[in-house]
2 protein chains.
Amino acid sequence: MNEFRFELLAEDAGTAARRGRMHTRRGVIETPVFMPVGTQATVKGMLPEALADIGAQIILGNTYHLFLRPGHELVERLGGLHRFMNWSGPILTDSGGFQVFSLGELRKIDEDGVTFQSHIDGSRHRLTPESSIEVQQRLGADIVMAFDECIPWPAERRYVDESTARSGRWARRCRQAHRPDGSALFGIVQGGMDPALRRRSAEELIEIGFDGYALGGLSVGEETERMYEVMSRSLPLLPKDRPRYVMGVGTPENLIEGIARGTDMFDCVMPTRNARNGVLFTSFGRISIKQARYRDDDSPIDPACDCYVCRHYSRAYLRHLFQANEILSSVLNTHHNLHYYLHLMAKARRAIEEGRFEAFRREFYQRREQAKS
Amino acid sequence: MNEFRFELLAEDAGTAARRGRMHTRRGVIETPVFMPVGTQATVKGMLPEALADIGAQIILGNTYHLFLRPGHELVERLGGLHRFMNWSGPILTDSGGFQVFSLGELRKIDEDGVTFQSHIDGSRHRLTPESSIEVQQRLGADIVMAFDECIPWPAERRYVDESTARSGRWARRCRQAHRPDGSALFGIVQGGMDPALRRRSAEELIEIGFDGYALGGLSVGEETERMYEVMSRSLPLLPKDRPRYVMGVGTPENLIEGIARGTDMFDCVMPTRNARNGVLFTSFGRISIKQARYRDDDSPIDPACDCYVCRHYSRAYLRHLFQANEILSSVLNTHHNLHYYLHLMAKARRAIEEGRFEAFRREFYQRREQAKS
């Protein structure tokens with residue numbers, strides 16, 4: 001049983017941008033899509049109803065965090081992640097690999113898997129391709145990600161080679177381990193910044209066969225142009241009839257460029273984490289709400305924005321909440337930033353449908369430039 | 001111009017409980033009423049719409065905090081506190097006296113007023129009866145409180161005597177300073193725990209004449225029975241046709257006993273502060289959501305509660321959010337606790353209307369007792 005299906009609805013004439021539709025067991029997702037990150041069974045500061053209100057179609061859960069706390073068995077006993085956190089839409093879980101490999105000294109890798117220490121209490125744990133898939137399926141993920149290694153940048157060629165080969169072997173084991181429960185399984189292209197290794201990785205994954213394909217190992221410190229280069233070279237290698245997901249990316253500019261290169265799915269902590277630090281996204285670029293210049297500013301964050309926050313609160317109030325370290329500061333800032341991201345994607349989708357993505361992309365940059373002058 | 005008016009709708013036969021209605025320039029308030037505390041121009045963790053949803057009729061703002069940050073001039077320039085914080089219902093502000101006197105070493109009192117240092121940055125400021133009223137009116141308060149000294153407990157008889165006399169002189173100055181702008185001005189009965197001083201204070205305030213009368217200086221460390229005793233003796237001294245407000249009180253039990261003794265208005269940080277510490281109010285008493293016993297508990301906080309949180313989230317999820325230090329922990333816990341307080345008051349109002357307050361009070365205690373056995 002695999003209820004997952006991707007429809008390619010439209011392709012842009014001037015760029016590689018695509019307009020698509022994913023059918024999951026928990027509903028339809030219009031692409032290109034941005035997925036808010038809900039690390040610990042909550043998108044920080046957002047009620048599920050508010051997420052739905054601003055057009056979130058799917059959210060991301062972090063396997064590493066949920067595995068450690070509260071534990072996937074507990075979540076499963078309580079009816080799965082959707083019921084636990086009161087979110088009935090689709091959920092994609094990452095494999096835990098990214099977080100485990102970020103632990104540095106606290107983890108040890110072997111051919112079979114990874115042994116690591118919890119960042120919470122130092123307790124020892126192990127994840128393998130098989131156990132990662134099991135954890136994700138027991139959490140109730142609608143889109144399950146293969147367990148792989150996210151290669152840091154810069155890295156030695158030899159390490160990139162070995163790691164990519166191992167991630168390939170692990171991808172095969174993930175495919176084997178995935179129980180048919182209606183969820184989709186995505187493979188993750190690695191290969192560092194090397195075009196030949198990326199190609200080899202993509203070909204291997206396609207040979208194994210996945211419901212969708214991700215580019216991993218991007219936004220790990222490389223220059224933006226290098227990231228775009230990898231997207232431009234790697235995305236065309238992937239099957240046109242499957243969704244393409246660029247993991248952990250990125251800024252609004254990155255999203256526009258990712259779409260132009262054929263990406264269907266994105267996730268990033270940027271809108272939510274920046275919100276908690278008082279950095280807000282607007283049609284004319286970012287602003288830092290803590291700045292003294294907003295002390296008396298009665299205008300909304302972005303006069304062009306029609307979100308709940310911009311309709312009801314001034315920059316002066318949001319600055320006050322930030323200065324006073326109030327909970328509502330994170331709540332309102334997160335609401336605005338996610339609204340910005342989700343509506344940017346909605347506008348991109350419409351532009352592709354209407355065959356004017358290039359004009360949309362040009363306008364996106366023009367507004368930012370005008371604000372500077 | 002004074003648009004403020006109080007209607008006494010019903011009196012309980014067996015107790016001193018009253019059912020009333022306050023008409024303010026920003027709408028009607030059914031009493032007895034509990035006022036959520038919005039110290040820094042926000043009820044911590046609550047959107048204004050959520051407050052309205054759970055039946056909040058009026059909220060409280062803290063003059064001391066708003067005076068220091070963001071400043072009452074700023075709030076006034078931005079259209080007043082209601083517009084600033086997106087709350088269109090009535091707001092009562094305290095006078096700043098309670099916080100200023102709590103500063104201990106950081107404040108110095110004289111006949112004219114109080115000089116104090118900010119807890120935020122140590123800057124020096126001054127509040128007098130006149131300036132407190134001005135600050136409150138410039139914030140846009142619908143109910144303005146007289147500037148007085150909240151006497152600690154225990155205190156020397158002589159100090160209580162002098163302080164109460166000074167608060168009386170200040171009350172007269174507050175009455176003089178209050179500009180007719182449609183807001184109400186309440187006097188505050190002090191006098192420590194001494195019945196004769198309380199009586200003298202009440203008589204003086206009544207002679208001056210206020211729109212409502214508060215009991216200050218309670219819940220300052222005295223035994224509960226002593227607090228009830230002061231309520232029992234002081235509330236009957238106040239005019240029946242004016243609202244009676246017991247400041248800074250208290251637990252659900254305190255509210256029930258306060259109502260039984262003739263109180264119309266309460267405010268307290270207890271439901272909101274406890275929520276952030278994981279302490280939740282239920283029909284069967286308090287629970288601490290961090291306890292390990294709730295780890296696997298799929299039931300709602302209170303099966304008898306129909307609030308948003310109890311309809312959608314398990315104790316296990318709320319425990320997880322608390323353990324993970326998630327923003328949503330404070331948001332959901334606060335929502336539940338305020339709903340509990342506001343609905344307790346709604347049920348008390350109905351019981352008084354229907355002439356069954358004593359039965360309601362008995363039942364309130366019985367549920368708590370049953371849960372213990």
# chains A, B, ... in the order shown; residues from 1 in each chain; ligands from 1
$ interface_residues --of "chain B" --to "chain A" --cutoff "6 Å" --atoms "only C-alpha atoms" --output "list in words"
Gly45, Ile327 and Leu328 of chain B
$ residues_around --residues "B:Gly61" --least-positions-apart "3" --cutoff "10 Å" --atoms "only C-alpha atoms" --output "MDAnalysis selection string"
chainID B and resid 35:43 64:66 81 91:96 136 139 141
$ write_last_selection --atoms "C-alpha atoms" --output "PDB file, in the first residue's frame"
ATOM      1  CA  MET B  35      -9.543  40.320  36.052  1.00  0.00           C
ATOM      2  CA  PRO B  36      -6.548  38.653  34.341  1.00  0.00           C
ATOM      3  CA  VAL B  37      -3.320  40.549  34.954  1.00  0.00           C
ATOM      4  CA  GLY B  38      -1.626  42.087  31.905  1.00  0.00           C
ATOM      5  CA  THR B  39       1.423  43.604  33.564  1.00  0.00           C
ATOM      6  CA  GLN B  40       3.456  44.792  30.565  1.00  0.00           C
ATOM      7  CA  ALA B  41       0.646  45.502  28.075  1.00  0.00           C
ATOM      8  CA  THR B  42       0.065  41.784  27.546  1.00  0.00           C
ATOM      9  CA  VAL B  43      -1.514  39.014  29.583  1.00  0.00           C
ATOM     10  CA  TYR B  64       4.598  50.891  37.534  1.00  0.00           C
ATOM     11  CA  HIS B  65       5.722  48.624  34.689  1.00  0.00           C
ATOM     12  CA  LEU B  66       4.123  50.634  31.881  1.00  0.00           C
ATOM     13  CA  LEU B  81      -3.133  51.134  25.997  1.00  0.00           C
ATOM     14  CA  ILE B  91      -8.891  48.020  31.445  1.00  0.00           C
ATOM     15  CA  LEU B  92      -8.269  48.718  35.113  1.00  0.00           C
ATOM     16  CA  THR B  93      -4.836  50.015  36.047  1.00  0.00           C
ATOM     17  CA  ASP B  94      -3.362  49.784  39.487  1.00  0.00           C
ATOM     18  CA  SER B  95      -1.712  52.932  40.834  1.00  0.00           C
ATOM     19  CA  GLY B  96       1.886  51.727  40.845  1.00  0.00           C
ATOM     20  CA  GLN B 136      -3.217  56.030  34.466  1.00  0.00           C
ATOM     21  CA  LEU B 139      -2.589  55.193  29.480  1.00  0.00           C
ATOM     22  CA  ALA B 141      -7.514  53.250  31.941  1.00  0.00           C
TER      23      ALA B 141
END
$ calpha_fit_and_write --fixed "chain A" --moving "chain B" --output "compact mmCIF listing (two decimals) with C-alpha atoms, in the first residue's frame"
# COMPACT_ATOMS: atom_id res chain seq x y z
CA MET B 1 -0.07 0.00 0.08
CA ASN B 2 1.32 3.36 -0.95
CA GLU B 3 -1.15 6.18 -1.14
CA PHE B 4 1.50 8.72 -2.03
CA ARG B 5 1.38 10.31 -5.46
CA PHE B 6 2.86 13.40 -7.12
CA GLU B 7 1.21 15.30 -9.98
CA LEU B 8 3.21 17.72 -12.07
CA LEU B 9 0.70 20.45 -12.94
CA ALA B 10 2.76 23.06 -14.77
CA GLU B 11 6.31 23.87 -15.76
CA ASP B 12 7.68 27.35 -16.19
CA ALA B 13 8.87 28.20 -19.69
CA GLY B 14 11.82 30.39 -18.72
CA THR B 15 13.12 28.56 -15.63
CA ALA B 16 13.02 25.07 -14.17
CA ALA B 17 10.21 26.09 -11.76
CA ARG B 18 7.45 23.51 -11.34
CA ARG B 19 3.91 23.63 -10.00
CA GLY B 20 2.85 20.33 -8.52
CA ARG B 21 0.55 18.53 -6.12
CA MET B 22 1.43 15.81 -3.63
CA HIS B 23 -1.28 13.42 -2.52
CA THR B 24 -0.52 12.03 0.93
CA ARG B 25 -2.60 9.83 3.20
CA ARG B 26 -3.39 12.95 5.24
CA GLY B 27 -4.29 15.29 2.42
CA VAL B 28 -3.07 17.21 -0.57
CA ILE B 29 -0.05 19.50 -0.64
CA GLU B 30 0.33 22.14 -3.32
CA THR B 31 3.95 22.64 -4.40
CA PRO B 32 6.31 24.41 -4.26
CA VAL B 33 5.75 24.22 -0.52
CA PHE B 34 7.53 25.50 2.59
CA MET B 35 7.31 23.23 5.65
CA PRO B 36 7.45 24.93 9.09
CA VAL B 37 9.73 23.09 11.50
CA GLY B 38 8.08 21.55 14.57
CA THR B 39 11.14 20.09 16.27
CA GLN B 40 9.72 18.91 19.60
CA ALA B 41 6.12 18.13 18.57
CA THR B 42 5.31 21.83 18.33
CA VAL B 43 6.13 24.60 15.89
CA LYS B 44 7.58 26.92 18.52
CA GLY B 45 4.97 29.47 19.61
CA MET B 46 2.26 28.44 17.12
CA LEU B 47 -1.07 26.81 17.85
CA PRO B 48 -1.90 24.19 15.20
CA GLU B 49 -5.03 26.17 14.32
CA ALA B 50 -2.94 29.28 13.69
CA LEU B 51 -0.62 27.26 11.43
CA ALA B 52 -3.58 26.07 9.41
CA ASP B 53 -4.98 29.62 9.29
CA ILE B 54 -1.84 30.98 7.64
CA GLY B 55 -1.81 28.18 5.09
CA ALA B 56 0.66 25.62 6.45
CA GLN B 57 0.04 22.44 4.45
CA ILE B 58 2.61 20.15 6.06
CA ILE B 59 4.98 20.46 8.99
CA LEU B 60 8.28 18.81 9.81
CA GLY B 61 9.10 16.85 12.95
CA ASN B 62 12.62 16.03 14.14
CA THR B 63 13.21 12.35 14.76
CA TYR B 64 16.32 12.89 16.88
CA HIS B 65 14.48 15.15 19.34
CA LEU B 66 11.29 13.09 19.51
CA PHE B 67 13.27 9.86 19.85
CA LEU B 68 15.00 11.28 22.95
CA ARG B 69 12.03 13.19 24.38
CA PRO B 70 9.25 12.18 24.83
CA GLY B 71 10.27 8.99 22.96
CA HIS B 72 8.64 7.46 19.90
CA GLU B 73 7.10 4.56 21.88
CA LEU B 74 5.27 7.05 24.09
CA VAL B 75 4.08 9.05 21.09
CA GLU B 76 2.91 5.84 19.41
CA ARG B 77 1.05 4.69 22.55
CA LEU B 78 -0.72 8.05 22.65
CA GLY B 79 -1.99 7.63 19.10
CA GLY B 80 0.89 9.01 17.06
CA LEU B 81 2.44 12.42 16.54
CA HIS B 82 -0.59 13.95 14.81
CA ARG B 83 -2.92 13.23 17.70
CA PHE B 84 -0.26 14.00 20.31
CA MET B 85 0.32 17.52 18.98
CA ASN B 86 -3.20 18.17 17.59
CA TRP B 87 -2.11 18.56 13.96
CA SER B 88 -4.20 16.58 11.49
CA GLY B 89 -2.35 17.59 8.32
CA PRO B 90 0.62 15.77 6.81
CA ILE B 91 3.90 15.50 8.73
CA LEU B 92 7.34 14.85 7.30
CA THR B 93 9.99 13.61 9.71
CA ASP B 94 13.68 13.90 9.10
CA SER B 95 15.76 10.79 9.80
CA GLY B 96 17.67 12.05 12.82
CA GLY B 97 20.89 11.82 10.82
CA PHE B 98 21.44 15.54 10.53
CA GLN B 99 21.19 16.13 14.31
CA VAL B 100 23.17 13.03 15.25
CA PHE B 101 26.04 13.93 12.95
CA SER B 102 26.00 17.49 14.33
CA LEU B 103 26.83 16.10 17.77
CA GLY B 104 30.54 15.92 16.86
CA GLU B 105 32.46 14.28 19.72
CA LEU B 106 29.25 12.83 21.14
CA ARG B 107 28.74 10.38 18.24
CA LYS B 108 30.54 7.45 16.72
CA ILE B 109 29.78 6.11 13.28
CA ASP B 110 30.23 2.57 11.94
CA GLU B 111 28.98 0.76 8.87
CA ASP B 112 25.86 -0.36 10.64
CA GLY B 113 24.79 2.94 12.17
CA VAL B 114 25.61 5.65 14.70
CA THR B 115 26.05 5.53 18.47
CA PHE B 116 25.57 8.87 20.21
CA GLN B 117 25.01 10.61 23.50
CA SER B 118 21.87 12.63 24.19
CA HIS B 119 22.40 16.42 24.30
CA ILE B 120 19.81 16.46 27.11
CA ASP B 121 21.22 14.02 29.66
CA GLY B 122 24.27 12.38 28.06
CA SER B 123 22.53 8.97 27.86
CA ARG B 124 23.79 6.64 25.10
CA HIS B 125 21.62 5.72 22.12
CA ARG B 126 21.95 4.14 18.71
CA LEU B 127 20.30 4.84 15.37
CA THR B 128 20.65 2.69 12.27
CA PRO B 129 18.90 3.01 8.91
CA GLU B 130 16.43 0.36 10.09
CA SER B 131 15.74 1.90 13.49
CA SER B 132 15.41 5.44 12.07
CA ILE B 133 12.73 4.26 9.64
CA GLU B 134 11.01 2.36 12.43
CA VAL B 135 11.03 5.39 14.72
CA GLN B 136 9.62 7.61 11.97
CA GLN B 137 6.89 5.13 11.11
CA ARG B 138 5.97 4.63 14.75
CA LEU B 139 5.74 8.40 15.16
CA GLY B 140 3.24 8.27 12.30
CA ALA B 141 5.14 10.29 9.67
CA ASP B 142 3.40 10.71 6.32
CA ILE B 143 6.71 11.34 4.60
CA VAL B 144 9.65 9.35 5.97
CA MET B 145 13.23 10.38 5.15
CA ALA B 146 16.11 7.96 4.54
CA PHE B 147 18.81 7.87 7.24
CA ASP B 148 21.99 9.40 5.83
CA GLU B 149 25.00 11.43 6.76
CA CYS B 150 24.87 15.17 6.15
CA ILE B 151 28.45 15.98 5.08
CA PRO B 152 29.91 19.18 6.53
CA TRP B 153 31.64 21.84 4.42
CA PRO B 154 34.48 22.02 3.74
CA ALA B 155 35.35 18.29 3.82
CA GLU B 156 38.13 16.10 2.44
CA ARG B 157 37.37 14.56 -0.91
CA ARG B 158 38.05 11.08 0.40
CA TYR B 159 35.66 11.54 3.33
CA VAL B 160 32.95 12.87 1.03
CA ASP B 161 33.45 9.86 -1.21
CA GLU B 162 33.23 7.30 1.59
CA SER B 163 30.36 9.01 3.36
CA THR B 164 28.32 9.30 0.16
CA ALA B 165 28.90 5.63 -0.62
CA ARG B 166 27.81 4.64 2.90
CA SER B 167 24.71 6.86 2.70
CA GLY B 168 23.91 5.02 -0.53
CA ARG B 169 24.16 1.62 1.18
CA TRP B 170 22.04 2.98 4.04
CA ALA B 171 19.45 4.27 1.57
CA ARG B 172 19.05 0.72 0.24
CA ARG B 173 18.57 -0.58 3.80
CA CYS B 174 16.01 2.18 4.48
CA ARG B 175 14.05 1.17 1.39
CA GLN B 176 14.05 -2.43 2.68
CA ALA B 177 13.07 -1.40 6.21
CA HIS B 178 10.15 0.81 5.20
CA ARG B 179 6.89 -0.98 6.02
CA PRO B 180 4.02 -0.26 3.62
CA ASP B 181 1.69 1.82 5.80
CA GLY B 182 0.62 4.51 3.34
CA SER B 183 3.57 6.76 4.12
CA ALA B 184 6.03 7.91 1.48
CA LEU B 185 9.78 7.28 1.67
CA PHE B 186 12.21 9.85 0.28
CA GLY B 187 15.86 9.26 -0.58
CA ILE B 188 18.49 11.94 0.04
CA VAL B 189 21.17 12.85 -2.51
CA GLN B 190 24.52 13.56 -0.88
CA GLY B 191 27.94 13.97 -2.50
CA GLY B 192 29.13 17.20 -0.95
CA MET B 193 29.77 19.99 -3.45
CA ASP B 194 31.23 17.60 -6.04
CA PRO B 195 29.14 17.30 -9.21
CA ALA B 196 30.35 13.78 -10.06
CA LEU B 197 29.61 12.44 -6.58
CA ARG B 198 26.21 14.14 -6.54
CA ARG B 199 25.44 12.48 -9.87
CA ARG B 200 26.57 9.07 -8.64
CA SER B 201 24.45 9.49 -5.49
CA ALA B 202 21.38 10.55 -7.47
CA GLU B 203 21.74 7.64 -9.88
CA GLU B 204 22.07 5.14 -7.06
CA LEU B 205 18.96 6.45 -5.31
CA ILE B 206 16.95 6.44 -8.52
CA GLU B 207 18.00 2.87 -9.10
CA ILE B 208 16.74 1.94 -5.61
CA GLY B 209 13.55 3.89 -6.24
CA PHE B 210 11.95 6.37 -3.84
CA ASP B 211 8.67 8.29 -3.66
CA GLY B 212 10.56 11.56 -3.65
CA TYR B 213 14.15 12.78 -3.69
CA ALA B 214 15.88 15.31 -1.48
CA LEU B 215 19.12 17.21 -1.75
CA GLY B 216 20.87 16.97 1.60
CA GLY B 217 24.12 18.55 2.69
CA LEU B 218 23.27 22.06 1.52
CA SER B 219 23.23 25.27 3.55
CA VAL B 220 26.07 23.81 5.67
CA GLY B 221 28.33 26.84 5.39
CA GLU B 222 29.09 26.89 1.66
CA GLU B 223 28.82 30.08 -0.41
CA THR B 224 25.33 30.78 -1.73
CA GLU B 225 26.49 30.58 -5.33
CA ARG B 226 27.93 27.13 -4.70
CA MET B 227 24.64 25.97 -3.22
CA TYR B 228 22.77 27.30 -6.27
CA GLU B 229 25.29 25.54 -8.50
CA VAL B 230 24.67 22.19 -6.78
CA MET B 231 20.91 22.71 -7.12
CA SER B 232 21.26 23.62 -10.81
CA ARG B 233 23.31 20.55 -11.57
CA SER B 234 21.62 17.99 -9.30
CA LEU B 235 17.90 18.73 -9.55
CA PRO B 236 17.71 17.95 -13.30
CA LEU B 237 19.14 14.48 -12.59
CA LEU B 238 16.04 13.58 -10.56
CA PRO B 239 12.88 12.01 -12.02
CA LYS B 240 10.43 14.69 -13.17
CA ASP B 241 7.47 12.77 -11.82
CA ARG B 242 8.69 12.76 -8.20
CA PRO B 243 8.81 15.65 -5.72
CA ARG B 244 12.21 17.27 -5.10
CA TYR B 245 13.05 18.55 -1.65
CA VAL B 246 15.99 20.81 -0.77
CA MET B 247 16.57 20.21 2.93
CA GLY B 248 17.24 22.94 5.49
CA VAL B 249 16.99 25.83 3.02
CA GLY B 250 16.67 28.79 3.56
CA THR B 251 16.27 32.56 3.15
CA PRO B 252 13.40 33.96 1.04
CA GLU B 253 15.97 34.54 -1.71
CA ASN B 254 17.12 30.91 -1.45
CA LEU B 255 13.52 29.75 -1.83
CA ILE B 256 12.96 31.81 -4.96
CA GLU B 257 16.22 30.55 -6.47
CA GLY B 258 15.47 27.00 -5.37
CA ILE B 259 12.07 27.13 -7.07
CA ALA B 260 13.67 28.57 -10.23
CA ARG B 261 15.96 25.52 -10.29
CA GLY B 262 13.13 23.02 -9.91
CA THR B 263 12.65 22.52 -6.14
CA ASP B 264 9.21 21.49 -4.88
CA MET B 265 9.77 21.38 -1.11
CA PHE B 266 11.72 23.35 1.49
CA ASP B 267 12.07 23.41 5.26
CA CYS B 268 14.06 25.74 7.47
CA VAL B 269 14.12 27.04 11.05
CA MET B 270 14.91 30.51 9.71
CA PRO B 271 11.44 32.10 9.96
CA THR B 272 10.74 30.65 13.41
CA ARG B 273 14.20 31.05 14.97
CA ASN B 274 14.66 34.56 13.59
CA ALA B 275 11.25 35.50 14.94
CA ARG B 276 12.32 34.64 18.46
CA ASN B 277 15.40 36.82 17.96
CA GLY B 278 13.26 39.74 16.76
CA VAL B 279 14.26 39.47 13.09
CA LEU B 280 11.23 39.87 10.85
CA PHE B 281 10.80 39.21 7.12
CA THR B 282 9.10 41.76 4.88
CA SER B 283 8.56 42.41 1.19
CA PHE B 284 11.41 44.95 1.43
CA GLY B 285 13.87 42.74 3.32
CA ARG B 286 14.52 41.94 6.98
CA ILE B 287 14.10 44.24 9.94
CA SER B 288 15.34 43.84 13.51
CA ILE B 289 12.42 44.88 15.70
CA LYS B 290 14.65 45.61 18.69
CA GLN B 291 16.13 48.70 17.02
CA ALA B 292 15.46 52.02 18.74
CA ARG B 293 14.12 53.45 15.45
CA TYR B 294 10.93 51.42 15.95
CA ARG B 295 10.26 52.74 19.47
CA ASP B 296 7.57 55.18 18.32
CA ASP B 297 6.70 53.50 15.05
CA ASP B 298 2.94 53.11 14.76
CA SER B 299 3.09 51.28 11.41
CA PRO B 300 2.77 47.51 10.98
CA ILE B 301 5.82 45.32 10.34
CA ASP B 302 5.07 45.35 6.61
CA PRO B 303 2.38 47.67 5.22
CA ALA B 304 2.06 45.23 2.28
CA CYS B 305 1.28 42.29 4.62
CA ASP B 306 -2.26 41.34 5.58
CA CYS B 307 -1.42 38.85 8.34
CA TYR B 308 -3.09 38.93 11.76
CA VAL B 309 -0.06 40.62 13.32
CA CYS B 310 0.23 43.36 10.69
CA ARG B 311 -3.50 44.04 10.92
CA HIS B 312 -3.51 44.49 14.71
CA TYR B 313 -0.10 45.48 16.09
CA SER B 314 2.44 48.27 15.57
CA ARG B 315 6.20 47.96 15.33
CA ALA B 316 6.31 49.98 18.57
CA TYR B 317 4.22 47.34 20.38
CA LEU B 318 6.26 44.47 18.96
CA ARG B 319 9.47 46.25 19.97
CA HIS B 320 8.05 46.70 23.48
CA LEU B 321 7.16 43.00 23.75
CA PHE B 322 10.64 42.03 22.58
CA GLN B 323 12.34 44.41 25.04
CA ALA B 324 10.13 43.17 27.86
CA ASN B 325 10.94 39.54 26.97
CA GLU B 326 7.25 38.71 26.71
CA ILE B 327 5.96 35.34 25.44
CA LEU B 328 3.69 37.19 23.02
CA SER B 329 6.80 38.59 21.32
CA SER B 330 7.77 35.13 20.06
CA VAL B 331 4.17 34.22 19.32
CA LEU B 332 3.43 37.29 17.18
CA ASN B 333 6.84 37.42 15.48
CA THR B 334 6.63 33.73 14.56
CA HIS B 335 3.13 34.15 13.22
CA HIS B 336 4.24 36.99 10.97
CA ASN B 337 7.41 35.31 9.70
CA LEU B 338 5.70 32.02 8.90
CA HIS B 339 2.89 33.92 7.18
CA TYR B 340 5.53 35.70 5.12
CA TYR B 341 7.19 32.43 4.06
CA LEU B 342 3.94 30.60 3.36
CA HIS B 343 2.47 33.48 1.38
CA LEU B 344 5.66 33.92 -0.61
CA MET B 345 5.26 30.28 -1.66
CA ALA B 346 1.57 30.77 -2.45
CA LYS B 347 2.45 33.72 -4.68
CA ALA B 348 5.20 31.71 -6.37
CA ARG B 349 2.74 28.88 -7.06
CA ARG B 350 0.27 31.29 -8.63
CA ALA B 351 3.00 32.91 -10.71
CA ILE B 352 4.09 29.52 -12.09
CA GLU B 353 0.47 28.59 -12.85
CA GLU B 354 -0.01 31.85 -14.70
CA GLY B 355 3.26 31.54 -16.61
CA ARG B 356 4.82 34.63 -15.06
CA PHE B 357 7.36 33.22 -12.62
CA GLU B 358 10.24 35.20 -14.12
CA ALA B 359 8.37 38.47 -13.70
CA PHE B 360 7.47 37.47 -10.14
CA ARG B 361 11.11 36.70 -9.36
CA ARG B 362 12.24 40.03 -10.85
CA GLU B 363 9.63 41.92 -8.85
CA PHE B 364 10.65 40.10 -5.66
CA TYR B 365 14.20 41.47 -6.03
CA GLN B 366 13.07 44.90 -7.20
CA ARG B 367 11.07 45.57 -4.02
CA ARG B 368 14.11 44.73 -1.94
CA GLU B 369 16.34 46.97 -4.06
CA GLN B 370 13.88 49.88 -3.98
CA ALA B 371 13.81 49.78 -0.19
CA LYS B 372 17.61 50.17 -0.08
CA SER B 373 17.65 53.28 -2.29
$ select_by_dssp --residues "stretch 18-220 of chain A" --states "strand (DSSP E or B)" --output "PyMOL selection string"
chain A and resi 18-24+27-31+33-35+37+59-61+91-93+107-109+114-117+124-127+143-145+184-189+212-215
$ select_by_dssp --residues "stretch 126-205 of chain A" --states "alpha helix (DSSP H)" --output "PyMOL selection string"
chain A and resi 129-139+157-177+195-205
